[in-house]
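Taking it in order: structure first as structure tokens, then the write-up.
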Amino acid sequence: MSERKVLNKYYPPDFNPAKIPRLRLGKSRQIKVRLVAPFAMRCATCGQWIGKGTKFNARKELVPSESFHSIPIYRFYIRCQRCAAEITFKTDPENNNYVAEHGAQRNFEPWREQHELNEEEKKEEEES
């Protein structure tokens, strides 16, 4: 049992840590992440409805040419559960939201439209 509780490791006298190759990661690397669908959407290929909160294994990458006030924008790649078509969406830090890019349509959210109308009315009142 005592061999499981070893606190010190043996290093041979000729061990040189500089000879161990280091893993160099590029900036354009895609990282595999587990995420939850941030909004309800419908697949553009097969029409499958994907609800908000559905878990996916996704690939995440940094969008190289876009940023918002030095906040990086990320793009996510997921696959439809029915037809395996690729769906992409990216972060939108300006509006604290996500934007569906390709492969899916965002479902209509009536509360979002009402919120946008209220903001427009407030702007018009402030201007006049």
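Numbering starts fresh at 1 for the residues of each chain in the structure tokens, the chains themselves are lettered A, B, ... in the order given, and ligands are numbered from 1 as they appear.
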
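Within 10 Å of Ile50 of chain A, once only C-alpha atoms are used and residues closer than 2 positions along the same chain are dropped, the contacting residues are Ala37, Phe39, Ala40, Met41, Arg42, Cys43, Gly47, Gln48, Lys52, Gly53, Thr54, Lys55, Cys80, Gln81, Arg82, Ala104, Arg106 and Asn107 of chain A.
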
Could those selected residues go to a file with N, CA and C atoms, as a compact mmCIF listing (two decimals), in the first residue's frame?
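And here is the file that came out, out_12.txt:
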```txt
# COMPACT_ATOMS: atom_id res chain seq x y z
N ALA A 37 -26.17 24.42 -26.26
CA ALA A 37 -26.68 25.32 -27.30
C ALA A 37 -27.19 26.60 -26.64
N PHE A 39 -28.96 29.05 -27.84
CA PHE A 39 -30.28 29.51 -28.30
C PHE A 39 -30.96 28.38 -29.06
N ALA A 40 -32.27 28.48 -29.20
CA ALA A 40 -33.01 27.49 -29.96
C ALA A 40 -32.81 27.75 -31.44
N MET A 41 -32.58 26.68 -32.20
CA MET A 41 -32.31 26.83 -33.63
C MET A 41 -32.92 25.68 -34.41
N ARG A 42 -32.98 25.84 -35.71
CA ARG A 42 -33.48 24.80 -36.60
C ARG A 42 -32.44 24.53 -37.67
N CYS A 43 -32.13 23.27 -37.89
CA CYS A 43 -31.14 22.89 -38.89
C CYS A 43 -31.64 23.29 -40.27
N GLY A 47 -34.17 20.35 -41.06
CA GLY A 47 -35.28 20.94 -40.33
C GLY A 47 -35.40 20.47 -38.88
N GLN A 48 -34.40 19.77 -38.38
CA GLN A 48 -34.42 19.29 -36.99
C GLN A 48 -34.39 20.49 -36.05
N LYS A 52 -32.68 25.11 -26.88
CA LYS A 52 -31.69 25.78 -26.04
C LYS A 52 -31.37 24.85 -24.87
N GLY A 53 -30.09 24.66 -24.60
CA GLY A 53 -29.68 23.80 -23.50
C GLY A 53 -29.29 22.40 -23.94
N THR A 54 -29.34 22.11 -25.24
CA THR A 54 -28.91 20.80 -25.74
C THR A 54 -27.38 20.73 -25.71
N LYS A 55 -26.84 19.66 -25.17
CA LYS A 55 -25.38 19.53 -25.04
C LYS A 55 -24.76 18.99 -26.33
N CYS A 80 -25.51 18.66 -36.44
CA CYS A 80 -26.92 18.36 -36.24
C CYS A 80 -27.05 16.92 -35.74
N GLN A 81 -27.99 16.69 -34.84
CA GLN A 81 -28.16 15.37 -34.27
C GLN A 81 -28.77 14.39 -35.26
N ARG A 82 -29.57 14.89 -36.18
CA ARG A 82 -30.25 14.00 -37.12
C ARG A 82 -29.43 13.74 -38.38
N ALA A 104 -27.82 26.77 -39.74
CA ALA A 104 -29.00 26.78 -38.87
C ALA A 104 -29.63 28.17 -38.88
N ARG A 106 -31.86 30.73 -36.40
CA ARG A 106 -32.26 30.97 -35.02
C ARG A 106 -33.78 31.07 -34.96
N ASN A 107 -34.38 30.42 -33.97
CA ASN A 107 -35.84 30.47 -33.82
C ASN A 107 -36.28 31.85 -33.39
```

Query raised in the report: Per DSSP on the backbone, what are the alpha helix (DSSP H) residues of chain A, as a PyMOL selection string?
Result: chain A and resi 110-127

Taking C-alpha atoms for each residue, export the selection above as a tab-separated table (two decimals), in the first residue's frame.
```tsv
chain	number	residue	atom	x	y	z
A	110	PRO	CA	-40.92	37.34	-29.34
A	111	TRP	CA	-39.48	38.73	-26.10
A	112	ARG	CA	-36.29	39.72	-27.97
A	113	GLU	CA	-38.24	41.69	-30.59
A	114	GLN	CA	-40.26	43.44	-27.87
A	115	HIS	CA	-37.04	44.37	-26.06
A	116	GLU	CA	-35.56	45.84	-29.26
A	117	LEU	CA	-38.73	47.88	-29.90
A	118	ASN	CA	-38.62	49.27	-26.37
A	119	GLU	CA	-34.99	50.32	-26.83
A	120	GLU	CA	-35.82	52.07	-30.12
A	121	GLU	CA	-38.69	53.96	-28.46
A	122	LYS	CA	-36.39	55.09	-25.64
A	123	LYS	CA	-33.84	56.37	-28.18
A	124	GLU	CA	-36.54	58.30	-30.06
A	125	GLU	CA	-37.79	59.87	-26.81
A	126	GLU	CA	-34.27	60.92	-25.85
A	127	GLU	CA	-33.65	62.50	-29.26
```

Report task. Please measure the separation of atom CA of Arg75 of chain A and atom CA of Glu61 of chain A, giving the value in Å to one decimal. Result ->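 Distance between the two atoms: 5.4 Å.
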
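Put simply, atom CA of His102 of chain A is 16.9 Å away from atom CA of Gly51 of chain A.
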
Query raised in the report: When you draw a straight line from atom CA of Pro93 of chain A to atom CA of Gln30 of chain A, how long is it in Å?
Result: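 Straight-line distance from atom CA of Pro93 of chain A to atom CA of Gln30 of chain A works out to 20.1 Å.
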
Requested in this report: Give me the residues within 6 Å of Thr91 of chain A as a ChimeraX atom specification, counting only C-alpha atoms and dropping any in the same chain fewer than 3 places off.
Outcome: /A:73-74,98

Requested in this report: Would you list, as an MDAnalysis selection string, the residues of segment 14-125 of chain A that end up in strand (DSSP E) under DSSP run on this structure's backbone?
Outcome: chainID A and resid 31:36 41:43 49:50 55:68 71:79 86:92 97:102 104:106

Query raised in the report: With only C-alpha atoms as the basis for distance, which of A:Val63, A:Asn57, A:Lys5, A:Tyr11 is at the shortest distance from Ser28 of chain A?
Result: A:Val63

Requested in this report: Would you please work out which residue, of A:Pro21, A:Ser65, A:Gln105, A:Lys60, is nearest to Arg34 of chain A when using only C-alpha atoms?
Outcome: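 Closest residue, counting only C-alpha atoms: A:Lys60.
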
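Ranking A:Val99, A:Val6, A:Ala44, A:Ile78 by their shortest atom-to-atom distance to Lys32 of chain A, with only C-alpha atoms included, puts A:Ile78 first.
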